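The data block below is upload.tsv; it holds TSV, C-alpha atoms.
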chain	number	residue	atom	x	y	z
A	24	MET	CA	85.70	64.64	-18.89
A	25	ARG	CA	84.45	61.12	-18.38
A	26	PRO	CA	81.82	60.74	-15.68
A	27	TYR	CA	82.67	57.34	-14.19
A	28	HIS	CA	86.24	56.55	-13.13
A	29	ALA	CA	85.09	53.30	-11.43
A	30	LEU	CA	84.29	51.80	-14.85
A	31	GLY	CA	87.91	52.02	-15.96
A	32	ARG	CA	89.41	53.92	-18.85
A	33	VAL	CA	87.25	55.16	-21.70
A	34	VAL	CA	87.65	52.97	-24.77
A	35	ARG	CA	85.50	55.11	-27.04
A	36	SER	CA	82.75	57.73	-26.93
A	37	PHE	CA	79.72	58.09	-29.18
A	38	GLY	CA	77.79	61.27	-29.93
A	39	PRO	CA	74.43	62.01	-31.56
A	40	ASN	CA	73.43	60.54	-34.91
A	41	ILE	CA	73.89	63.39	-37.41
A	42	LYS	CA	71.03	62.30	-39.71
A	43	THR	CA	68.61	61.96	-36.84
A	44	ALA	CA	69.84	65.23	-35.32
A	45	ILE	CA	69.08	67.10	-38.55
A	46	ALA	CA	65.62	65.54	-38.71
A	47	VAL	CA	64.92	66.37	-35.05
A	48	VAL	CA	66.06	69.99	-35.48
A	49	LEU	CA	63.99	70.44	-38.65
A	50	VAL	CA	60.84	68.96	-37.11
A	51	GLY	CA	61.46	70.69	-33.79
A	52	THR	CA	61.61	74.11	-35.45
A	53	PHE	CA	59.05	73.60	-38.23
A	54	VAL	CA	56.21	72.47	-35.95
A	55	PRO	CA	56.36	75.52	-33.60
A	56	TRP	CA	56.70	77.84	-36.63
A	57	LEU	CA	53.63	76.26	-38.27
A	58	ILE	CA	51.59	76.63	-35.07
A	59	TYR	CA	52.77	80.23	-34.73
A	60	VAL	CA	51.54	81.00	-38.25
A	61	LEU	CA	48.16	79.52	-37.36
A	62	VAL	CA	47.68	81.35	-34.06
A	63	VAL	CA	49.43	84.69	-34.74
A	64	GLY	CA	46.19	86.36	-35.80
A	65	LEU	CA	44.18	84.91	-32.95
A	66	LYS	CA	43.47	86.65	-29.69
A	67	VAL	CA	42.65	83.46	-27.84
A	68	ALA	CA	44.86	82.85	-24.80
A	69	PHE	CA	44.43	79.08	-24.99
A	70	ALA	CA	45.91	78.99	-28.52
A	71	TRP	CA	49.04	80.76	-27.31
A	72	ILE	CA	49.32	78.40	-24.36
A	73	ILE	CA	49.33	75.50	-26.82
A	74	PHE	CA	51.98	77.26	-28.94
A	75	TYR	CA	54.30	77.91	-25.99
A	76	SER	CA	53.83	74.38	-24.61
A	77	ILE	CA	54.66	72.73	-27.94
A	78	SER	CA	57.61	75.09	-28.46
A	79	VAL	CA	59.07	74.17	-25.09
A	80	GLY	CA	58.50	70.48	-25.78
A	81	CYS	CA	60.21	70.68	-29.18
A	82	GLY	CA	63.08	72.63	-27.65
A	83	LEU	CA	63.59	69.96	-24.98
A	84	LEU	CA	63.49	67.27	-27.66
A	85	ILE	CA	66.25	69.01	-29.64
A	86	VAL	CA	68.42	69.60	-26.56
A	87	SER	CA	67.86	66.03	-25.37
A	88	HIS	CA	69.07	64.60	-28.65
A	89	LEU	CA	72.08	66.89	-29.09
A	90	TRP	CA	73.19	66.54	-25.44
A	91	PHE	CA	73.01	62.73	-25.33
A	92	ARG	CA	76.35	60.91	-25.35
A	93	VAL	CA	77.63	57.40	-24.54
A	94	TRP	CA	81.01	56.25	-23.25
A	95	VAL	CA	82.27	52.67	-23.51
A	96	HIS	CA	84.63	51.79	-20.64
A	97	GLU	CA	86.67	48.72	-19.81
A	98	PHE	CA	84.12	47.53	-17.25
A	99	GLY	CA	80.84	49.02	-18.45
A	100	ILE	CA	78.98	51.73	-20.28
A	101	SER	CA	78.05	55.22	-19.10
A	102	TYR	CA	75.74	57.77	-20.69
A	103	ARG	CA	74.69	61.38	-20.35
A	104	GLY	CA	71.22	62.81	-20.89
A	105	ILE	CA	69.44	66.02	-19.93
A	106	LEU	CA	68.37	64.37	-16.67
A	107	GLY	CA	71.93	63.46	-15.67
A	108	TYR	CA	74.34	60.56	-15.93
A	109	GLY	CA	73.83	56.81	-15.77
A	110	GLU	CA	75.94	53.68	-15.93
A	111	ILE	CA	75.61	49.93	-16.45
A	112	ARG	CA	78.44	47.52	-15.68
A	113	TRP	CA	79.06	44.69	-18.15
A	114	GLY	CA	78.24	42.09	-15.51
A	115	ASP	CA	74.87	43.76	-14.88
A	116	LEU	CA	73.73	43.59	-18.50
A	117	ASP	CA	71.01	40.99	-18.95
A	118	ARG	CA	69.65	41.56	-22.46
A	119	ILE	CA	70.95	43.28	-25.56
A	120	TYR	CA	68.60	43.88	-28.49
A	121	PHE	CA	70.24	45.09	-31.67
A	122	GLY	CA	68.98	45.25	-35.25
A	123	SER	CA	69.26	47.30	-38.42
A	124	TYR	CA	66.76	48.50	-40.98
A	125	THR	CA	67.05	50.46	-44.23
A	126	VAL	CA	64.76	53.42	-44.92
A	127	HIS	CA	63.58	54.14	-48.47
A	128	ALA	CA	61.53	57.01	-49.87
A	129	HIS	CA	59.97	56.12	-53.24
A	130	TYR	CA	62.70	53.49	-53.77
A	131	ILE	CA	65.44	55.99	-52.92
A	132	PRO	CA	67.60	54.67	-50.06
A	133	LEU	CA	67.90	57.16	-47.21
A	134	GLY	CA	70.37	55.06	-45.27
A	135	THR	CA	70.63	52.28	-42.73
A	136	PHE	CA	69.47	52.95	-39.18
A	137	TYR	CA	69.91	50.89	-36.05
A	138	ARG	CA	67.94	49.97	-32.95
A	139	LEU	CA	69.92	49.20	-29.82
A	140	ARG	CA	68.29	48.54	-26.48
A	141	LEU	CA	69.97	47.45	-23.24
A	142	ILE	CA	68.24	45.93	-20.21
A	143	SER	CA	70.09	45.36	-16.94
A	144	LEU	CA	69.54	42.66	-14.34
A	145	HIS	CA	67.88	45.33	-12.18
A	146	GLY	CA	65.34	46.23	-14.88
A	147	GLU	CA	67.05	49.42	-16.02
A	148	LYS	CA	66.37	50.11	-19.72
A	149	LEU	CA	68.50	52.17	-22.09
A	150	SER	CA	67.35	52.78	-25.68
A	151	LEU	CA	70.03	54.03	-28.07
A	152	GLY	CA	69.93	53.17	-31.78
A	153	GLU	CA	68.69	56.16	-33.76
A	154	ARG	CA	70.00	58.62	-31.18
A	155	ILE	CA	73.65	57.52	-31.44
A	156	GLY	CA	75.97	57.81	-34.41
A	157	GLU	CA	77.81	54.64	-35.48
A	158	ALA	CA	75.43	52.54	-33.39
A	159	ASP	CA	76.61	49.39	-35.20
A	160	GLU	CA	80.16	49.92	-33.90
A	161	LEU	CA	78.79	50.66	-30.43
A	162	ALA	CA	76.81	47.40	-30.50
A	163	ASN	CA	79.87	45.45	-31.65
A	164	LEU	CA	81.90	46.86	-28.76
A	165	ILE	CA	79.20	46.01	-26.22
A	166	GLN	CA	78.85	42.50	-27.63
A	167	SER	CA	82.61	41.92	-27.53
A	168	TYR	CA	82.80	42.90	-23.85
A	169	THR	CA	79.78	40.82	-22.81
A	170	LEU	CA	80.08	37.67	-24.97
A	171	ALA	CA	82.34	35.57	-22.73
A	172	GLN	CA	80.40	36.10	-19.49
A	173	MET	CA	76.95	35.78	-21.10
A	174	TYR	CA	78.00	32.66	-23.02
A	175	GLN	CA	79.28	30.91	-19.87
A	176	LYS	CA	76.03	31.80	-18.10
A	177	VAL	CA	74.00	30.23	-20.94
A	178	LEU	CA	76.13	27.08	-20.89
A	179	ARG	CA	75.54	26.67	-17.13
A	180	GLN	CA	71.79	27.09	-17.63
A	181	LEU	CA	71.76	24.45	-20.38
A	182	GLU	CA	73.82	22.01	-18.32
A	183	ASN	CA	71.36	22.43	-15.43
A	184	GLY	CA	68.48	21.52	-17.73
A	185	LYS	CA	67.05	25.03	-17.89
A	186	GLU	CA	65.42	26.55	-20.94
A	187	VAL	CA	67.29	29.63	-22.17
A	188	ASN	CA	65.08	32.44	-23.43
A	189	PHE	CA	66.44	34.58	-26.26
A	190	GLY	CA	63.16	36.39	-26.88
A	191	ARG	CA	61.52	34.96	-29.99
A	192	ILE	CA	63.69	31.82	-29.72
A	193	CYS	CA	64.17	29.49	-26.75
A	194	ILE	CA	66.87	26.81	-26.42
A	195	ASN	CA	66.73	23.60	-24.39
A	196	ARG	CA	69.64	21.12	-24.41
A	197	LYS	CA	67.35	18.07	-24.25
A	198	MET	CA	64.43	19.35	-26.34
A	199	GLY	CA	65.73	21.58	-29.09
A	200	ILE	CA	64.77	25.03	-30.38
A	201	ARG	CA	61.36	26.59	-29.76
A	202	TYR	CA	60.03	29.07	-32.27
A	203	HIS	CA	56.21	29.01	-32.32
A	204	LYS	CA	56.63	25.26	-31.75
A	205	TRP	CA	59.40	22.87	-30.75
A	206	PHE	CA	61.97	21.79	-33.35
A	207	PHE	CA	63.77	18.84	-31.80
A	208	TRP	CA	67.52	18.54	-32.21
A	209	HIS	CA	67.22	15.31	-34.21
A	210	GLU	CA	64.98	17.11	-36.74
A	211	ILE	CA	67.68	19.61	-37.59
A	212	ARG	CA	70.27	18.35	-40.08
A	213	TRP	CA	73.06	20.70	-39.13
A	214	LYS	CA	75.45	19.35	-41.77
A	215	GLN	CA	72.82	19.82	-44.47
A	216	LEU	CA	71.71	23.33	-43.64
A	217	ASN	CA	71.26	25.27	-46.85
A	218	GLY	CA	71.15	28.57	-45.02
A	219	TYR	CA	72.51	29.76	-41.69
A	220	SER	CA	73.40	33.30	-40.73
A	221	VAL	CA	73.15	35.74	-37.86
A	222	SER	CA	73.49	39.31	-39.10
A	223	ASP	CA	72.64	42.82	-37.94
A	224	SER	CA	69.18	42.51	-39.45
A	225	HIS	CA	67.97	38.89	-39.32
A	226	VAL	CA	68.57	35.47	-37.86
A	227	ASN	CA	68.19	33.05	-40.76
A	228	ILE	CA	68.22	29.29	-40.36
A	229	ALA	CA	66.82	26.93	-42.99
A	230	GLY	CA	67.17	23.17	-43.18
A	231	GLU	CA	66.57	20.87	-46.13
A	232	GLY	CA	63.00	19.67	-46.49
A	233	LYS	CA	61.87	22.78	-44.60
A	234	LEU	CA	62.00	20.85	-41.34
A	235	PHE	CA	63.34	23.94	-39.66
A	236	LYS	CA	63.04	27.44	-41.01
A	237	VAL	CA	63.48	30.67	-39.08
A	238	ASN	CA	63.75	34.25	-40.28
A	239	ILE	CA	63.47	36.74	-37.42
A	240	PRO	CA	64.57	40.38	-37.16
A	241	THR	CA	67.51	40.46	-34.76
A	242	GLU	CA	65.94	43.34	-32.83
A	243	LYS	CA	63.40	40.74	-31.60
A	244	ILE	CA	66.19	38.46	-30.35
A	245	ALA	CA	67.91	39.06	-27.02
A	246	ASN	CA	71.70	38.59	-27.02
A	247	VAL	CA	71.89	37.52	-30.66
A	248	HIS	CA	75.70	37.38	-30.41
A	249	VAL	CA	75.41	34.69	-27.72
A	250	LEU	CA	72.77	32.80	-29.69
A	251	GLY	CA	74.98	32.74	-32.79
A	252	HIS	CA	77.93	31.47	-30.76
A	253	LEU	CA	75.73	28.80	-29.17
A	254	LEU	CA	74.29	27.55	-32.47
A	255	ASP	CA	77.79	27.39	-33.94
A	256	GLY	CA	78.84	25.24	-31.00
A	257	VAL	CA	75.91	22.86	-31.55
A	258	ARG	CA	76.56	22.68	-35.29
A	259	LYS	CA	80.29	21.94	-34.77
A	260	GLY	CA	79.60	19.42	-32.01
A	261	THR	CA	81.45	21.29	-29.27
A	262	ILE	CA	78.14	21.65	-27.38
A	263	HIS	CA	76.40	18.33	-26.82
A	264	VAL	CA	72.61	18.19	-27.15
A	265	GLU	CA	70.02	15.39	-27.26
A	266	THR	CA	69.98	14.23	-30.89
A	267	ARG	CA	68.43	10.80	-30.35
A	268	ILE	CA	64.84	10.15	-31.39
A	269	ARG	CA	62.70	9.51	-28.34
Rewrite the structure of this file - the entire thing - as structure tokens.
Amino acid sequence: MRPYHALGRVVRSFGPNIKTAIAVVLVGTFVPWLIYVLVVGLKVAFAWIIFYSISVGCGLLIVSHLWFRVWVHEFGISYRGILGYGEIRWGDLDRIYFGSYTVHAHYIPLGTFYRLRLISLHGEKLSLGERIGEADELANLIQSYTLAQMYQKVLRQLENGKEVNFGRICINRKMGIRYHKWFFWHEIRWKQLNGYSVSDSHVNIAGEGKLFKVNIPTEKIANVHVLGHLLDGVRKGTIHVETRIR
């Protein structure tokens, strides 16, 4: 049964990540067993206190992971943990950090994992990613529900002359793009870009003559879906910026 009727109908639910769940269960059972083997012959009370404490902690870790679930609604997202339920409405979402990374063991790919972190306007933080299965689809759903409102907010900030902070990258309509230093709009040859992409893993922008080159993990960029939409608008000329040399 869904926990929050006020958020509208449930569009989709997401359960634990199976790969991570297996790893958590294996570690959560192996560690207490190993400590038990070490202390079973001891008659020291403190050693058994350590064993029971770690066993309880590992048990809570396993239950926490297996119990966690997320629901995507029409008007927001709700989630369940061992401490209860929580919710964030789409209009209250301030920052979305999402990125992917591939894990290898001795050149053997173990799979692609995701980091997904949500921060509300009230400072509430929700870390998902490795805990949730199909986190990439969850992120796509969240981005689709929040793009229009977040994009309009960014446009209003730019029109009012404010600098928009996307984390590692900042945008100013009159100045340009700031990444370590300012790259002015007239320095960026948008029609001559030899590389431009915003993916699940990196934001890549490279201009001819290396006047402007950026390669940042998307998990370091807030609201990368809005940033990609904004840069497309600048490149296509639908968003007007200061391109004249001062």
Hey, which of A:Pro39, A:Gly64, A:Gly82, A:Gly251 ends up closest to Arg103 in chain A? Count all atoms listed in the file.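 For Arg103 in chain A, the nearest of the candidates is A:Pro39.
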Pairwise distance for CA of Tyr202 in chain A and CA of Glu182 in chain A, rounded to one decimal in Å: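 For CA of Tyr202 in chain A relative to CA of Glu182 in chain A, the distance reads 20.8 Å.
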I want to know what sits within 12 Å of Ala29 in chain A, based on all atoms listed in the file, with residues of the same chain fewer than 2 positions away left out; could you give that as a list of chain:residue names? A:Arg25, A:Pro26, A:Tyr27, A:Gly31, A:Arg32, A:Val33, A:His96, A:Glu97, A:Phe98, A:Gly99, A:Ile100, A:Ser101, A:Glu110, A:Ile111, A:Arg112
I'd like to know which of A:Ala46, A:His248, A:Trp208, A:Gly156 is closest to Ile194 in chain A, using all atoms listed in the file.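 The answer is A:Trp208, which sits nearest to Ile194 in chain A.
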Find the residues of range 120-202 of chain A that sit at most 10 Å from range 89-92 of chain A; for each, write down the nearest two atoms and how far apart they are in Å, to one decimal. Count all atoms listed in the file. Sort by chain, then by number going up, and give it as CSV.
residue,atom,partner,partner_atom,distance
A:Leu151,CA,A:Phe91,CA,9.6
A:Arg154,CA,A:Phe91,CA,7.8
A:Ile155,CA,A:Arg92,CA,7.5
A:Gly156,CA,A:Arg92,CA,9.6
Next, dump the selected residues to file, keeping only C-alpha atoms, as a compact mmCIF listing (two decimals), keeping the file's coordinate frame.
# COMPACT_ATOMS: atom_id res chain seq x y z
CA LEU A 151 70.03 54.03 -28.07
CA ARG A 154 70.00 58.62 -31.18
CA ILE A 155 73.65 57.52 -31.44
CA GLY A 156 75.97 57.81 -34.41
Can you work out the spacing between CA of Val60 in chain A and CA of Leu84 in chain A in Å, to one decimal? 21.1 Å
Could you please determine the separation between CA of Arg258 in chain A and CA of Asn163 in chain A in Å, to one decimal place? 23.3 Å
